[in-house]
Amino acid sequence: DLLSLEEGTFCLANLHCKHVLCFASGADSGNALKPETDAPTLSSHSRRRRQLKVEYDKDGSMPQLKTEPWEPPRWKTQLENIRAMRSGRDAPVDNMGADKCHDADAPAHVKRFQVLVSLMLSSQTKDQVTSAAMQKLRAHGCTVENILATNDETLGQLIYPVGFWRNKVKYLKLTSAMLQKEFGGDIPDSVEGLVRLPGVGPKMAHLAMDIAWDQVSGIGVDTHVHRISNRLGWLKKPTKTPEETRKSLEEWLPRELWSEINWLLVGFGQQVCLPVSPLCSVCLNHGLETPDNLCLPGSNQHDLCLSVPRLITLDSREKAGEVCFFLFQKFLTQISKTTVKIT
């Protein structure tokens, strides 16, 4: 649309994209325009280049496409199947988990401290070993004051043979001193405060908030939850660490399931979906796999499942072939060395 013609200035505007081009004639308003023949001829290189200003109206931008939030296919069916398989409540976590290791008759702040201690001891340790260590600690006196008054050697004997027990002796002492100084012998009531304690990570913090304070702050992801979430296809993309798994799960899993999911998957991992040689034949989720949702070891491409050959992925078969070829080469090398020695 031609908007105006005034004193040798032209303005061209578009409804959605405004292009403003301004040409100054250089003549006074009172002077007449010179004939075209009198104007000097300019080459394309000597002409002065004008800048083009482009502005876009906000209402003329492309509309944003609405996308549905991602969630794994058949996850509700898989969840109900796991609930059915866990209905017996007879896994080690059901009888010896962190919520079972504290003294029920102790004061509230002491119970919370014992929950935190059991979580710290449970890292890289089976529930049976953690429970036995907690029984010895409670008999000795599992309070902040008693832990600080106990020498390192005795404390080590009480918690042995939990995984990395020497480091945990140090963490228990440092954490107890910090709790006594900053929290009056109680434990922090926030994830931020809990992860500040020596030897306490995000998984322990979220579980402590759930068990000790009855507050759901996040999903407690241990090695079982991490492994099974990848196997079930419950993550938008495979994860390498429990913390990555926690963030991925929390993006789509309804918040009302955050507390239950740890208990469900830990017991399921202890009884059926084992790290090595899982019992796929008795799993109710066996057969629900699809190309995007494979409920089998090897689907996360971190381990091979040779017990169910028909479900092995192509990548796993290729990896198995590479392993066999490597072992065969080592065998031939060993044979050649032996032959040389004999000759």
# chains A, B, ... in the order shown; residues from 1 in each chain; ligands from 1

call {"tool": "residues_around", "arguments": {"residues": "segment 190-197 of chain A", "least_positions_apart": "4", "cutoff": "7 Å", "atoms": "only C-alpha atoms", "output": "list in words"}}
result
Thr175, Gly201, Pro202, Ala205 and His206 of chain A

call {"tool": "closest_atom_pairs", "arguments": {"of": "segment 100-208 of chain A", "to": "segment 252-270 of chain A", "cutoff": "12 Å", "atoms": "only C-alpha atoms", "output": "CSV"}}
result
residue,atom,partner,partner_atom,distance
A:Lys126,CA,A:Gln270,CA,9.7
A:Asp127,CA,A:Gln270,CA,10.0
A:Gln128,CA,A:Gln270,CA,11.7
A:Lys203,CA,A:Asn262,CA,10.2
A:Met204,CA,A:Asn262,CA,11.7
A:His206,CA,A:Ser259,CA,9.3
A:Leu207,CA,A:Ser259,CA,8.4
A:Ala208,CA,A:Ser259,CA,11.2

call {"tool": "write_last_selection", "arguments": {"atoms": "N, CA and C atoms", "output": "PDB file, in the first residue's frame"}}
result
ATOM      1  N   LYS A 126      23.364 -54.612  50.806  1.00  0.00           N
ATOM      2  CA  LYS A 126      22.088 -55.305  50.818  1.00  0.00           C
ATOM      3  C   LYS A 126      21.310 -54.959  52.081  1.00  0.00           C
ATOM      4  N   ASP A 127      19.986 -55.024  51.969  1.00  0.00           N
ATOM      5  CA  ASP A 127      19.133 -54.671  53.105  1.00  0.00           C
ATOM      6  C   ASP A 127      19.397 -55.571  54.307  1.00  0.00           C
ATOM      7  N   GLN A 128      19.706 -56.842  54.066  1.00  0.00           N
ATOM      8  CA  GLN A 128      19.968 -57.759  55.180  1.00  0.00           C
ATOM      9  C   GLN A 128      21.179 -57.308  56.001  1.00  0.00           C
ATOM     10  N   LYS A 203      19.347 -39.317  46.591  1.00  0.00           N
ATOM     11  CA  LYS A 203      18.454 -40.452  46.870  1.00  0.00           C
ATOM     12  C   LYS A 203      18.146 -40.548  48.351  1.00  0.00           C
ATOM     13  N   MET A 204      19.177 -40.480  49.190  1.00  0.00           N
ATOM     14  CA  MET A 204      18.980 -40.554  50.638  1.00  0.00           C
ATOM     15  C   MET A 204      18.141 -39.382  51.136  1.00  0.00           C
ATOM     16  N   HIS A 206      15.791 -37.579  49.531  1.00  0.00           N
ATOM     17  CA  HIS A 206      14.369 -37.712  49.191  1.00  0.00           C
ATOM     18  C   HIS A 206      13.704 -38.820  50.003  1.00  0.00           C
ATOM     19  N   LEU A 207      14.410 -39.921  50.242  1.00  0.00           N
ATOM     20  CA  LEU A 207      13.845 -40.988  51.056  1.00  0.00           C
ATOM     21  C   LEU A 207      13.712 -40.563  52.518  1.00  0.00           C
ATOM     22  N   ALA A 208      14.681 -39.803  53.028  1.00  0.00           N
ATOM     23  CA  ALA A 208      14.604 -39.306  54.402  1.00  0.00           C
ATOM     24  C   ALA A 208      13.430 -38.341  54.565  1.00  0.00           C
TER      25      ALA A 208
END

call {"tool": "closest_residue", "arguments": {"among": "A:Asn95, A:Asn167, A:Ser229, A:Gln215", "to": "Glu250 of chain A", "atoms": "only C-alpha atoms"}}
result
A:Ser229

call {"tool": "residues_around", "arguments": {"residues": "Val169 of chain A", "least_positions_apart": "4", "cutoff": "7 Å", "atoms": "only C-alpha atoms", "output": "VMD selection string"}}
result
chain A and resid 152 155 to 156 165 173

call {"tool": "atom_distance", "arguments": {"atom1": "atom CA of Ile82 of chain A", "atom2": "atom CA of Arg246 of chain A"}}
result
18.9 Å

call {"tool": "residues_around", "arguments": {"residues": "Lys136 of chain A", "least_positions_apart": "3", "cutoff": "10 Å", "atoms": "only C-alpha atoms", "output": "list in words"}}
result
Ser131, Ala132, Ala133, Ala139, His140, Gly141, Cys142, Leu155, Gln157, Leu158, Ile159 and Tyr160 of chain A

call {"tool": "residues_around", "arguments": {"residues": "segment 65-81 of chain A", "least_positions_apart": "6", "cutoff": "6 Å", "atoms": "only C-alpha atoms", "output": "NGL selection string"}}
result
:A and (234 or 252 or 284-285)

call {"tool": "select_by_dssp", "arguments": {"residues": "segment 126-239 of chain A", "states": "helix (DSSP H, G or I)", "output": "PyMOL selection string"}}
result
chain A and resi 127-140+144-149+152-159+165-182+191-194+202-211+223-232

call {"tool": "write_last_selection", "arguments": {"atoms": "C-alpha atoms", "output": "PDB file, in the first residue's frame"}}
result
ATOM      1  CA  ASP A 127      19.133 -54.671  53.105  1.00  0.00           C
ATOM      2  CA  GLN A 128      19.968 -57.759  55.180  1.00  0.00           C
ATOM      3  CA  VAL A 129      23.443 -56.411  55.999  1.00  0.00           C
ATOM      4  CA  THR A 130      22.131 -52.908  56.709  1.00  0.00           C
ATOM      5  CA  SER A 131      19.461 -54.250  59.044  1.00  0.00           C
ATOM      6  CA  ALA A 132      22.008 -56.308  61.002  1.00  0.00           C
ATOM      7  CA  ALA A 133      24.299 -53.289  61.375  1.00  0.00           C
ATOM      8  CA  MET A 134      21.410 -51.116  62.565  1.00  0.00           C
ATOM      9  CA  GLN A 135      20.459 -53.705  65.188  1.00  0.00           C
ATOM     10  CA  LYS A 136      23.996 -53.572  66.611  1.00  0.00           C
ATOM     11  CA  LEU A 137      24.010 -49.761  66.500  1.00  0.00           C
ATOM     12  CA  ARG A 138      20.650 -49.493  68.256  1.00  0.00           C
ATOM     13  CA  ALA A 139      21.810 -51.891  70.962  1.00  0.00           C
ATOM     14  CA  HIS A 140      24.910 -49.726  71.416  1.00  0.00           C
ATOM     15  CA  VAL A 144      23.910 -38.283  67.870  1.00  0.00           C
ATOM     16  CA  GLU A 145      25.569 -38.111  71.287  1.00  0.00           C
ATOM     17  CA  ASN A 146      26.523 -41.809  71.375  1.00  0.00           C
ATOM     18  CA  ILE A 147      27.921 -41.793  67.847  1.00  0.00           C
ATOM     19  CA  LEU A 148      30.157 -38.835  68.718  1.00  0.00           C
ATOM     20  CA  ALA A 149      31.284 -40.515  71.949  1.00  0.00           C
ATOM     21  CA  ASP A 152      36.218 -44.992  65.171  1.00  0.00           C
ATOM     22  CA  GLU A 153      37.414 -48.549  65.764  1.00  0.00           C
ATOM     23  CA  THR A 154      34.343 -49.522  67.803  1.00  0.00           C
ATOM     24  CA  LEU A 155      32.008 -47.790  65.370  1.00  0.00           C
ATOM     25  CA  GLY A 156      33.618 -49.679  62.508  1.00  0.00           C
ATOM     26  CA  GLN A 157      33.102 -52.987  64.281  1.00  0.00           C
ATOM     27  CA  LEU A 158      29.431 -52.146  64.830  1.00  0.00           C
ATOM     28  CA  ILE A 159      28.627 -51.382  61.192  1.00  0.00           C
ATOM     29  CA  TRP A 165      32.368 -49.142  56.055  1.00  0.00           C
ATOM     30  CA  ARG A 166      35.552 -47.163  56.726  1.00  0.00           C
ATOM     31  CA  ASN A 167      34.238 -44.186  54.768  1.00  0.00           C
ATOM     32  CA  LYS A 168      30.869 -44.501  56.456  1.00  0.00           C
ATOM     33  CA  VAL A 169      32.485 -44.347  59.904  1.00  0.00           C
ATOM     34  CA  LYS A 170      33.967 -40.998  58.910  1.00  0.00           C
ATOM     35  CA  TYR A 171      30.673 -39.753  57.420  1.00  0.00           C
ATOM     36  CA  LEU A 172      28.680 -40.791  60.506  1.00  0.00           C
ATOM     37  CA  LYS A 173      31.031 -38.858  62.773  1.00  0.00           C
ATOM     38  CA  LEU A 174      31.045 -35.734  60.594  1.00  0.00           C
ATOM     39  CA  THR A 175      27.291 -35.794  60.076  1.00  0.00           C
ATOM     40  CA  SER A 176      26.587 -36.309  63.786  1.00  0.00           C
ATOM     41  CA  ALA A 177      28.809 -33.359  64.694  1.00  0.00           C
ATOM     42  CA  MET A 178      27.061 -31.173  62.119  1.00  0.00           C
ATOM     43  CA  LEU A 179      23.606 -32.198  63.337  1.00  0.00           C
ATOM     44  CA  GLN A 180      24.497 -31.472  66.949  1.00  0.00           C
ATOM     45  CA  LYS A 181      25.964 -28.072  66.135  1.00  0.00           C
ATOM     46  CA  GLU A 182      23.451 -26.765  63.579  1.00  0.00           C
ATOM     47  CA  VAL A 191      16.438 -31.724  50.721  1.00  0.00           C
ATOM     48  CA  GLU A 192      18.841 -28.788  50.525  1.00  0.00           C
ATOM     49  CA  GLY A 193      19.787 -29.213  54.168  1.00  0.00           C
ATOM     50  CA  LEU A 194      20.111 -32.986  53.949  1.00  0.00           C
ATOM     51  CA  PRO A 202      19.892 -36.921  46.590  1.00  0.00           C
ATOM     52  CA  LYS A 203      18.454 -40.452  46.870  1.00  0.00           C
ATOM     53  CA  MET A 204      18.980 -40.554  50.638  1.00  0.00           C
ATOM     54  CA  ALA A 205      17.644 -37.011  51.012  1.00  0.00           C
ATOM     55  CA  HIS A 206      14.369 -37.712  49.191  1.00  0.00           C
ATOM     56  CA  LEU A 207      13.845 -40.988  51.056  1.00  0.00           C
ATOM     57  CA  ALA A 208      14.604 -39.306  54.402  1.00  0.00           C
ATOM     58  CA  MET A 209      12.063 -36.601  53.634  1.00  0.00           C
ATOM     59  CA  ASP A 210       9.475 -39.283  52.845  1.00  0.00           C
ATOM     60  CA  ILE A 211      10.165 -41.677  55.748  1.00  0.00           C
ATOM     61  CA  THR A 223      20.272 -48.990  41.604  1.00  0.00           C
ATOM     62  CA  HIS A 224      17.055 -51.049  41.357  1.00  0.00           C
ATOM     63  CA  VAL A 225      14.840 -48.129  40.322  1.00  0.00           C
ATOM     64  CA  HIS A 226      17.498 -46.943  37.872  1.00  0.00           C
ATOM     65  CA  ARG A 227      17.918 -50.360  36.238  1.00  0.00           C
ATOM     66  CA  ILE A 228      14.220 -51.272  36.033  1.00  0.00           C
ATOM     67  CA  SER A 229      13.124 -47.853  34.739  1.00  0.00           C
ATOM     68  CA  ASN A 230      15.531 -48.285  31.831  1.00  0.00           C
ATOM     69  CA  ARG A 231      14.424 -51.854  31.191  1.00  0.00           C
ATOM     70  CA  LEU A 232      10.729 -50.952  31.213  1.00  0.00           C
TER      71      LEU A 232
END

call {"tool": "atom_distance", "arguments": {"atom1": "atom CA of Val162 of chain A", "atom2": "atom CA of Thr125 of chain A"}}
result
5.7 Å
